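**Student:** Structure file work_32.txt (compact mmCIF, C-alpha atoms) right here:
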# COMPACT_ATOMS: atom_id res chain seq x y z
CA MET V 285 -63.92 113.42 193.69
CA SER V 286 -60.93 115.33 192.53
CA LEU V 287 -60.28 118.84 191.33
CA LEU V 288 -61.15 119.44 187.71
CA THR V 289 -58.71 121.04 185.31
CA GLN V 290 -59.89 124.03 183.28
CA THR V 291 -59.90 121.91 180.12
CA GLU V 292 -62.06 119.27 181.79
CA VAL V 293 -64.51 121.91 182.97
CA TYR V 294 -65.01 123.50 179.57
CA ASP V 295 -65.13 120.12 177.84
CA GLU V 296 -67.89 119.08 180.24
CA ILE V 297 -69.82 122.29 179.61
CA ALA V 298 -69.49 121.80 175.86
CA LYS V 299 -70.70 118.21 176.19
CA ALA V 300 -73.72 119.25 178.26
CA GLN V 301 -74.62 122.00 175.79
CA GLU V 302 -74.44 119.55 172.91
CA ALA V 303 -76.80 117.25 174.78
CA GLY V 304 -79.10 120.20 175.42
CA GLU V 305 -78.52 120.02 179.18
CA LYS V 306 -78.30 123.03 181.43
CA LEU V 307 -75.61 123.14 184.09
CA ALA V 308 -74.29 125.45 186.76
CA VAL V 309 -70.61 125.92 187.45
CA ALA V 310 -69.66 127.04 190.95
CA THR V 311 -66.15 128.45 191.40
CA ILE V 312 -64.59 129.47 194.70
CA ILE V 313 -63.14 132.86 193.89
CA THR V 314 -61.95 134.06 197.29
CA THR V 315 -61.55 132.62 200.76
CA SER V 316 -60.61 134.19 204.04
CA GLY V 317 -60.00 132.79 207.44
CA SER V 318 -59.73 129.10 208.05
CA THR V 319 -61.47 127.11 205.34
CA PRO V 320 -60.64 123.69 203.95
CA GLN V 321 -61.65 125.04 200.55
CA ARG V 322 -59.26 126.13 197.89
CA THR V 323 -59.75 129.06 195.53
CA GLY V 324 -60.24 127.99 191.96
CA ALA V 325 -62.01 124.77 192.92
CA LYS V 326 -65.08 124.11 190.82
CA LEU V 327 -68.26 122.15 191.26
CA LEU V 328 -70.45 121.39 188.25
CA VAL V 329 -74.12 120.84 189.02
CA TYR V 330 -76.59 119.46 186.47
CA GLU V 331 -80.36 119.81 186.40
CA THR V 332 -80.67 116.18 187.43
CA GLY V 333 -78.74 117.07 190.58
CA LYS V 334 -75.65 115.23 189.41
CA MET V 335 -72.36 116.78 190.48
CA LEU V 336 -68.86 116.74 189.09
CA GLY V 337 -65.71 118.09 190.75
CA THR V 338 -65.66 119.45 194.25
CA VAL V 339 -65.43 122.70 196.15
CA GLY V 340 -63.77 120.88 198.99
CA GLY V 341 -66.61 118.82 200.35
CA GLY V 342 -67.34 119.07 204.01
CA CYS V 343 -69.77 121.46 205.54
CA VAL V 344 -70.20 123.81 202.62
CA GLU V 345 -70.49 121.69 199.50
CA ALA V 346 -74.17 120.94 200.13
CA ASP V 347 -74.91 124.67 200.46
CA VAL V 348 -73.10 125.44 197.21
CA TRP V 349 -75.00 122.61 195.54
CA ALA V 350 -78.34 124.04 196.77
CA GLU V 351 -77.45 127.54 195.50
CA ALA V 352 -76.46 126.06 192.16
CA ARG V 353 -79.85 124.34 191.91
CA GLU V 354 -81.50 127.70 192.59
CA ALA V 355 -79.43 129.29 189.86
CA LEU V 356 -80.44 126.53 187.45
CA ASN V 357 -84.08 127.22 188.28
CA ASP V 358 -84.03 130.94 187.60
CA GLY V 359 -81.32 130.76 184.91
CA LYS V 360 -79.30 133.61 186.47
CA SER V 361 -75.65 133.59 187.37
CA ARG V 362 -74.85 134.93 190.81
CA LEU V 363 -72.20 135.64 193.39
CA CYS V 364 -72.71 134.01 196.78
CA HIS V 365 -71.06 134.53 200.14
CA PHE V 366 -70.77 131.66 202.52
CA THR V 367 -69.80 131.88 206.13
CA LEU V 368 -68.36 128.70 207.46
CA ARG V 369 -68.89 128.25 211.13
CA ASP V 370 -69.38 125.52 213.60
CA ASN V 371 -72.81 124.00 213.48
CA PRO V 372 -74.58 125.46 216.54
CA ASP V 373 -76.52 122.23 217.04
CA VAL V 374 -73.43 120.12 217.42
CA PRO V 375 -70.91 120.50 220.23
CA PRO V 376 -67.52 121.49 218.77
CA ASP V 377 -65.72 118.37 219.92
CA GLU V 378 -68.22 116.14 218.11
CA GLU V 379 -68.17 117.97 214.82
CA GLY V 380 -64.84 116.60 213.78
CA MET V 381 -64.16 119.32 211.23
CA ILE V 382 -62.87 122.81 211.62
CA CYS V 383 -64.69 125.30 209.46
CA GLY V 384 -64.37 128.96 210.11
CA GLY V 385 -64.00 131.82 207.71
CA GLU V 386 -65.70 133.06 204.61
CA MET V 387 -65.72 132.37 200.96
CA GLU V 388 -67.12 133.82 197.80
CA VAL V 389 -68.51 131.54 195.15
CA MET V 390 -69.39 132.53 191.64
CA ILE V 391 -72.18 130.42 190.21
CA GLU V 392 -72.65 130.58 186.50
CA VAL V 393 -75.45 129.03 184.52
CA TRP V 394 -74.63 127.61 181.10
CA SER V 395 -77.53 126.68 178.89
CA MET T 279 -70.43 134.91 173.88
CA ILE T 280 -67.46 132.64 173.65
CA LYS T 281 -68.42 128.97 173.48
CA PRO T 282 -67.03 126.45 176.00
CA ALA T 283 -65.56 124.36 173.19
CA GLU T 284 -63.64 127.44 172.01
CA ILE T 285 -62.26 127.86 175.52
CA SER T 286 -60.99 124.26 175.67
CA THR T 287 -59.48 124.63 172.22
CA ALA T 288 -57.72 127.83 173.28
CA ILE T 289 -56.34 126.10 176.38
CA GLN T 290 -55.03 123.19 174.34
CA HIS T 291 -53.53 125.55 171.78
CA ALA T 292 -51.74 127.55 174.47
CA PHE T 293 -50.49 124.37 176.18
CA ALA T 294 -49.13 123.08 172.87
CA ASN T 295 -46.94 126.19 172.84
CA GLY T 296 -46.02 125.65 176.48
CA HIS T 297 -47.98 128.79 177.34
CA SER T 298 -50.47 129.51 180.08
CA LEU T 299 -53.91 130.85 179.26
CA ALA T 300 -55.79 133.43 181.29
CA ILE T 301 -59.57 133.17 181.34
CA VAL T 302 -60.88 136.55 182.49
CA SER T 303 -64.51 137.03 183.47
CA VAL T 304 -66.59 139.81 184.95
CA VAL T 305 -67.69 139.14 188.52
CA ALA T 306 -71.23 140.41 188.99
CA GLN T 307 -73.75 140.02 191.81
CA ALA T 308 -76.22 138.73 189.28
CA ALA T 309 -75.94 138.39 185.53
CA GLU T 310 -77.78 136.88 182.62
CA LYS T 311 -74.53 136.11 180.87
CA THR T 312 -70.94 136.17 182.01
CA THR T 313 -68.55 137.70 179.51
CA ARG T 314 -65.07 136.28 179.06
CA LEU T 315 -61.76 137.22 177.56
CA LEU T 316 -59.00 134.72 176.75
CA VAL T 317 -55.39 135.82 176.83
CA GLU T 318 -52.48 133.58 175.90
CA GLU T 319 -49.09 134.00 177.56
CA GLY T 320 -46.75 135.57 175.08
CA GLY T 321 -49.03 138.47 174.36
CA ALA T 322 -52.22 137.83 172.47
CA VAL T 323 -55.93 138.03 173.16
CA VAL T 324 -57.09 134.80 171.58
CA GLY T 325 -60.82 135.12 171.98
CA GLY T 326 -63.85 136.65 173.60
CA THR T 327 -64.46 140.09 175.02
CA LEU T 328 -65.51 141.48 178.38
CA GLY T 329 -68.01 143.64 176.51
CA LEU T 330 -66.79 146.93 177.98
CA GLY T 331 -64.90 148.17 174.96
CA PRO T 332 -61.55 147.47 173.36
CA ILE T 333 -59.57 149.65 175.77
CA PHE T 334 -60.96 147.76 178.73
CA ASP T 335 -60.15 144.41 177.09
CA ALA T 336 -56.63 145.65 176.40
CA SER T 337 -56.00 146.60 180.01
CA ALA T 338 -57.47 143.31 181.24
CA ALA T 339 -55.13 141.54 178.82
CA GLU T 340 -52.18 143.51 180.14
CA GLN T 341 -53.08 142.55 183.70
CA SER T 342 -53.44 138.90 182.60
CA LEU T 343 -49.91 138.89 181.22
CA LEU T 344 -48.54 140.20 184.52
CA LEU T 345 -50.37 137.50 186.45
CA MET T 346 -49.27 134.73 184.08
CA ALA T 347 -45.66 135.80 184.50
CA ASP T 348 -45.94 135.08 188.23
CA GLU T 349 -46.13 131.31 188.48
CA ARG T 350 -47.67 131.36 191.93
CA GLN T 351 -50.89 132.85 190.56
CA GLU T 352 -53.76 130.57 189.66
CA ILE T 353 -56.90 132.48 190.46
CA VAL T 354 -57.17 136.14 191.41
CA THR T 355 -59.92 138.72 191.61
CA GLN T 356 -58.99 142.32 190.87
CA THR T 357 -60.90 145.49 190.27
CA LEU T 358 -60.17 147.31 187.07
CA GLY T 359 -61.79 150.73 186.93
CA GLU T 360 -65.12 149.96 188.58
CA THR T 361 -65.42 146.40 187.39
CA ARG T 362 -64.41 143.41 189.42
CA LEU T 363 -62.69 140.78 187.32
CA LEU T 364 -61.84 137.15 187.92
CA PHE T 365 -58.58 135.95 186.39
CA GLU T 366 -58.21 132.18 186.17
CA ILE T 367 -54.89 130.94 184.90
CA ALA T 368 -54.69 127.53 183.24
CA ARG T 369 -51.08 126.36 183.32
CA PRO T 370 -49.49 123.70 181.14
CA LEU T 371 -47.74 120.72 182.67
CA LEU T 372 -44.05 121.39 182.97
CA GLN T 373 -41.81 119.20 180.86
CA LEU T 374 -38.42 117.91 181.96
CA ILE T 375 -36.19 116.49 179.24
CA VAL T 376 -33.17 114.63 180.54
CA CYS T 377 -30.39 113.91 178.05
CA GLY T 378 -28.52 110.89 179.39
CA GLY T 379 -29.85 107.94 181.36
CA GLY T 380 -26.77 107.47 183.59
CA HIS T 381 -26.65 107.80 187.37
CA VAL T 382 -27.39 111.51 187.40
CA GLY T 383 -30.05 111.23 184.67
CA LEU T 384 -31.80 108.50 186.64
CA ALA T 385 -31.86 110.55 189.84
CA VAL T 386 -33.00 113.71 188.01
CA ALA T 387 -35.82 111.81 186.26
CA GLN T 388 -37.10 110.24 189.48
CA MET T 389 -36.96 113.52 191.33
CA GLY T 390 -38.61 115.29 188.39
CA VAL T 391 -41.61 112.97 188.60
CA PHE T 392 -41.76 113.58 192.34
CA LEU T 393 -41.92 117.32 191.68
CA GLY T 394 -44.72 116.94 189.15
CA PHE T 395 -42.85 117.28 185.86
CA ARG T 396 -43.73 115.32 182.75
CA VAL T 397 -40.38 113.59 182.33
CA THR T 398 -38.66 112.29 179.19
CA VAL T 399 -35.24 110.62 179.26
CA ILE T 400 -33.14 110.25 176.14
CA ASP T 401 -30.08 108.07 175.61
CA ASP T 402 -28.53 106.49 172.54
CA ARG T 403 -27.73 103.37 174.57
CA ALA T 404 -31.00 101.41 174.89
CA GLU T 405 -29.94 99.65 178.11
CA PHE T 406 -29.65 103.06 179.83
CA VAL T 407 -33.25 103.98 179.04
CA SER T 408 -34.85 100.59 179.62
CA ARG T 409 -38.04 100.09 181.62
CA GLU T 410 -36.08 97.95 184.09
CA ARG T 411 -33.86 100.92 184.81
CA PHE T 412 -36.80 103.38 184.91
CA PRO T 413 -39.70 101.28 186.25
CA ASP T 414 -41.89 104.36 186.80
CA GLU T 415 -44.31 104.24 183.86
CA ARG T 416 -44.81 108.00 184.04
CA ILE T 417 -41.29 108.48 182.70
CA ASN T 418 -41.21 108.63 178.91
CA LEU T 419 -38.11 106.87 177.50
CA ILE T 420 -36.45 107.40 174.12
CA ALA T 421 -33.59 105.20 172.94
CA ASP T 422 -32.22 106.99 169.91
CA ASP T 423 -29.51 109.26 168.68
CA PHE T 424 -29.61 112.41 170.86
CA VAL T 425 -30.18 114.83 167.99
CA VAL T 426 -32.88 112.69 166.39
CA ALA T 427 -34.61 112.29 169.76
CA LEU T 428 -34.45 116.01 170.58
CA GLN T 429 -35.82 116.89 167.16
CA SER T 430 -38.75 114.53 167.74
CA LEU T 431 -39.78 116.41 170.91
CA LYS T 432 -41.73 119.64 170.98
CA ILE T 433 -39.63 121.99 173.07
CA THR T 434 -41.70 124.87 174.40
CA ALA T 435 -41.67 127.60 177.02
CA ALA T 436 -42.74 124.91 179.53
CA SER T 437 -39.69 122.74 178.77
CA HIS T 438 -36.68 122.29 181.03
CA LEU T 439 -33.63 120.57 179.59
CA VAL T 440 -31.05 118.82 181.71
CA ILE T 441 -28.01 117.71 179.74
CA VAL T 442 -26.16 115.01 181.66
CA THR T 443 -24.90 112.52 179.07
CA ARG T 444 -21.94 110.20 179.54
CA GLY T 445 -19.44 112.58 178.04
CA HIS T 446 -18.68 116.14 177.01
CA LYS T 447 -18.92 115.32 173.33
CA HIS T 448 -22.54 114.22 173.64
CA ASP T 449 -23.31 117.08 176.02
CA GLU T 450 -22.07 119.52 173.42
CA ILE T 451 -24.10 117.87 170.66
CA CYS T 452 -27.25 118.12 172.76
CA LEU T 453 -26.59 121.71 173.74
CA GLN T 454 -25.94 122.74 170.16
CA GLU T 455 -29.26 121.20 169.17
CA VAL T 456 -31.33 123.09 171.75
CA THR T 457 -29.75 126.52 172.34
CA ASP T 458 -32.15 128.28 169.97
CA LYS T 459 -35.26 126.52 171.34
CA PRO T 460 -37.73 128.49 173.51
CA ALA T 461 -37.04 126.26 176.56
CA ARG T 462 -37.54 127.75 180.02
CA TYR T 463 -34.31 126.23 181.28
CA ILE T 464 -31.27 124.63 179.67
CA GLY T 465 -28.58 123.26 181.96
CA MET T 466 -25.48 121.21 181.17
CA ILE T 467 -23.20 119.31 183.50
CA GLY T 468 -19.43 119.86 183.57
CA SER T 469 -16.59 121.68 185.25
CA ARG T 470 -16.07 125.41 184.80
CA ARG T 471 -13.16 124.76 182.49
CA ARG T 472 -14.97 122.17 180.37
CA THR T 473 -18.16 124.16 180.02
CA THR T 474 -16.13 127.25 179.09
CA THR T 475 -14.45 125.25 176.32
CA ILE T 476 -17.82 124.06 175.05
CA ARG T 477 -19.18 127.62 175.04
CA ALA T 478 -16.14 128.73 173.04
CA HIS T 479 -16.68 125.91 170.51
CA LEU T 480 -20.32 126.73 170.05
CA LYS T 481 -19.57 130.42 169.70
CA ARG T 482 -17.27 129.54 166.83
CA GLU T 483 -20.11 127.49 165.37
CA GLY T 484 -22.09 130.71 165.20
CA ILE T 485 -24.27 130.46 168.30
CA SER T 486 -24.77 133.90 169.84
CA GLU T 487 -23.08 134.79 173.11
CA GLU T 488 -26.40 135.85 174.54
CA LEU T 489 -27.88 132.37 174.04
CA LEU T 490 -24.76 130.73 175.44
CA ARG T 491 -24.87 132.96 178.50
CA SER T 492 -28.45 131.88 179.17
CA VAL T 493 -27.34 128.25 179.52
CA TYR T 494 -26.88 127.03 183.09
CA ALA T 495 -23.50 125.32 182.80
CA PRO T 496 -22.01 124.12 185.08
CA ILE T 497 -25.49 122.96 186.02
CA GLY T 498 -27.07 123.26 189.46
CA LEU T 499 -26.87 125.28 192.63
CA ASP T 500 -23.63 125.16 194.58
CA ILE T 501 -24.62 123.04 197.57
CA GLY T 502 -21.50 120.90 197.49
CA ALA T 503 -23.41 117.98 195.91
CA GLN T 504 -21.34 114.84 195.31
CA THR T 505 -23.51 111.79 194.79
CA PRO T 506 -25.82 111.50 191.76
CA GLU T 507 -28.84 112.00 194.02
CA GLU T 508 -27.32 115.10 195.59
CA ILE T 509 -26.47 116.45 192.16
CA ALA T 510 -30.10 115.88 191.15
CA VAL T 511 -31.19 117.94 194.16
CA ALA T 512 -28.79 120.74 193.14
CA ILE T 513 -30.17 120.68 189.56
CA LEU T 514 -33.83 120.63 190.52
CA ALA T 515 -33.28 123.25 193.20
CA GLU T 516 -31.90 125.50 190.47
CA ILE T 517 -34.92 124.83 188.26
CA ILE T 518 -37.29 125.61 191.15
CA MET T 519 -35.33 128.74 191.97
CA ILE T 520 -35.68 130.03 188.42
CA ARG T 521 -39.32 129.13 188.21
CA ARG T 522 -40.33 130.60 191.55
CA GLY T 523 -37.94 133.51 191.60
CA GLY T 524 -35.72 132.51 194.51
CA ASN T 525 -32.10 133.45 195.07
CA GLY T 526 -30.60 130.13 196.21
CA ARG T 527 -29.30 131.49 199.50
CA ALA T 528 -29.98 130.11 202.95
CA LYS T 529 -33.05 131.89 204.30
CA SER T 530 -31.29 132.16 207.64
CA ALA T 531 -28.22 133.94 206.19
CA PHE T 532 -29.35 137.28 207.61
CA VAL T 533 -28.92 135.92 211.14
CA ARG T 534 -25.18 135.50 210.62
CA GLU T 535 -24.62 138.67 208.62
CA LYS T 536 -23.53 142.00 210.15
The structure given in the file should be rewritten as structure tokens.

**Tutor:**
Amino acid sequence: MSLLTQTEVYDEIAKAQEAGEKLAVATIITTSGSTPQRTGAKLLVYETGKMLGTVGGGCVEADVWAEAREALNDGKSRLCHFTLRDNPDVPPDEEGMICGGEMEVMIEVWS
Amino acid sequence: MIKPAEISTAIQHAFANGHSLAIVSVVAQAAEKTTRLLVEEGGAVVGGTLGLGPIFDASAAEQSLLLMADERQEIVTQTLGETRLLFEIARPLLQLIVCGGGHVGLAVAQMGVFLGFRVTVIDDRAEFVSRERFPDERINLIADDFVVALQSLKITAASHLVIVTRGHKHDEICLQEVTDKPARYIGMIGSRRRTTTIRAHLKREGISEELLRSVYAPIGLDIGAQTPEEIAVAILAEIIMIRRGGNGRAKSAFVREK
């Protein structure tokens, strides 16, 4: 999945609204330390669980997706902090991906 | 609340003018609704409000303009007063218009695509703007009279014009056609002497000295370029320098100074 342009994002939101669908838009607004994520990246999450775009994949996308589902449930936009660190259950040399650092994600519900 | 469709329309409208658009929103720990303000490069709030009063919107707009002027900025959070704001900048694709499909035009077009420009090449000789010559489908080709072709293009603040036709006469015709356009960059090939003569001609034609001074002619940075490909590097390096605010000097120059 590739990065969405701003036009694509708002077109998608408009389309969902027309269809009466609720969706959450997660945007990485800041990062610090070593993260594979890029500020400005957006992930759109629908009530069906469908996703569009990416916040960089890897170890954090699933967490962002879960938060977005929460936001869809209670209908409230929120600001989330994620700490990316090595999975304690997996030895570092087997993890195959370097995630360290923090990021802030704004999750907005559009209905 | 500004509607998403209004936001896409505002983006498209700004892009049609070659302008960026800033989408400003309030960053809150939790919110029922996120408020947004849209600011188009060139000075105007084009929609929405942050909901904290007109003075607040005005200062957010002012900050947006500063951020849009710095092409490195795409997404920034800043605190204004006691409110944390997110500025997202949507930027239009940069356009590169190459007048002349000769050796230099070919190299400039190919390099322009490589650098991410939306490239158009114009020549009045069809065989110099053929698909065989420019096999990259991303390059838009126009075989027509230079003036007619230039008039058919929308030249905006995101446009960069490189005038490298087969001769000074055509270069001058192209330059005369575009000097008053809002292009980000206009450059024309030629020697110092020849470009000075062309400036003098155009001044007599009534084009202001200020506009003529803003034209990059002779085109390109002085890197001693000789081949068409090297000349293309010199031209695109100049365009990058202007866009990103560089000075064209070797970064290591300080080592040898003193």

**Student:** Need to verify the contact set: range 307-317 of chain V, 7 Å, all atoms listed in the file, exclusion of same-chain residues closer than 2 positions in sequence. Can you return it as a list in words?

**Tutor:**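 Once the adjacent positions are removed, what remains is Glu305, Thr319, Thr323, Gly324, Ala325, Lys326, Leu327, Leu328, Val329, Tyr330, Glu331, Val339, Ala352, Leu356, Gly384, Gly385, Glu386, Met387, Glu388, Val389, Met390, Ile391, Glu392, Val393, Trp394 and Ser395 of chain V.
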
**Student:** How far is it from CA of Glu345 in chain V to CA of Thr357 in chain T, in Å with one decimal?

**Tutor:**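 These two atoms are separated by 27.3 Å.
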
**Student:** If you count all atoms listed in the file, which residues fall within 10 Å of range 413-426 of chain T, apart from same-chain ones fewer than 2 positions away, as JSON, numbers by chain?

**Tutor:** {"T": [374, 375, 376, 377, 378, 379, 387, 388, 390, 391, 395, 396, 397, 398, 399, 400, 401, 402, 403, 404, 405, 406, 407, 408, 409, 410, 411, 428, 429, 430, 431, 443, 448, 449, 451, 452, 453, 454, 455, 456]}

**Student:** Which residues are near Thr291 in chain V? Cut-off 12 Å, only C-alpha atoms, ignore same chain within fewer than 6 positions. Put them as a PyMOL selection string.

**Tutor:** (chain V and resi 297-298) or (chain T and resi 282-293+299+301+367-370)

**Student:** What gap, in Å, lies between CA of Ile520 in chain T and CA of Arg482 in chain T?

**Tutor:**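 Separation of CA of Ile520 in chain T and CA of Arg482 in chain T: 28.4 Å.
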
**Student:** What is the CA of Leu490 in chain T to CA of Val511 in chain T distance in Å?

**Tutor:**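 According to the coordinates, CA of Leu490 in chain T and CA of Val511 in chain T are separated by 23.6 Å.
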
**Student:** If we count all atoms listed in the file and set the cut-off at 10 Å, which residues sit around Leu489 in chain T, ignoring sequence neighbours fewer than 5 positions away in its own chain? Please answer as a PDB file with C-alpha atoms, in the frame of the given file.

**Tutor:**
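Generated output (result_38.pdb):
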ATOM      1  CA  THR T 457     -29.750 126.520 172.340  1.00  0.00           C
ATOM      2  CA  ASP T 458     -32.150 128.280 169.970  1.00  0.00           C
ATOM      3  CA  LYS T 459     -35.260 126.520 171.340  1.00  0.00           C
ATOM      4  CA  ARG T 477     -19.180 127.620 175.040  1.00  0.00           C
ATOM      5  CA  LYS T 481     -19.570 130.420 169.700  1.00  0.00           C
TER       6      LYS T 481
END

**Student:** Given the choices V:Ala300, V:Asp358, V:Phe366, V:Thr332, which gets closest to Ala346 in chain V if the distance is worked out from only C-alpha atoms?

**Tutor:**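 Between V:Ala300, V:Asp358, V:Phe366, V:Thr332, the residue approaching Ala346 in chain V most closely is V:Phe366.
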
**Student:** Calculate, to one decimal in Å, the centre and edge lengths of the box along x, y and z of the file that holds all listed atoms of range 398-408 of chain T with 5 Å of margin on each side, and present them as lines of an AutoDock Vina configuration file.

**Tutor:**
center_x = -33.2
center_y = 106.0
center_z = 176.2
size_x = 20.9
size_y = 22.6
size_z = 17.3

**Student:** Using all atoms listed in the file, which residues sit within 10 Å of range 337-346 of chain T once same-chain residues fewer than 4 positions away are excluded, as a PyMOL selection string?

**Tutor:** chain T and resi 297-303+315-323+327-328+332-333+350-354+356-359+363+365-369

**Student:** Taking only C-alpha atoms into account, name the residue in V:Lys360, V:His365, V:Lys306, V:Lys299 that is nearest to chain T.

**Tutor:**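 With only C-alpha atoms as the atom set, the closest residue is V:Lys360.
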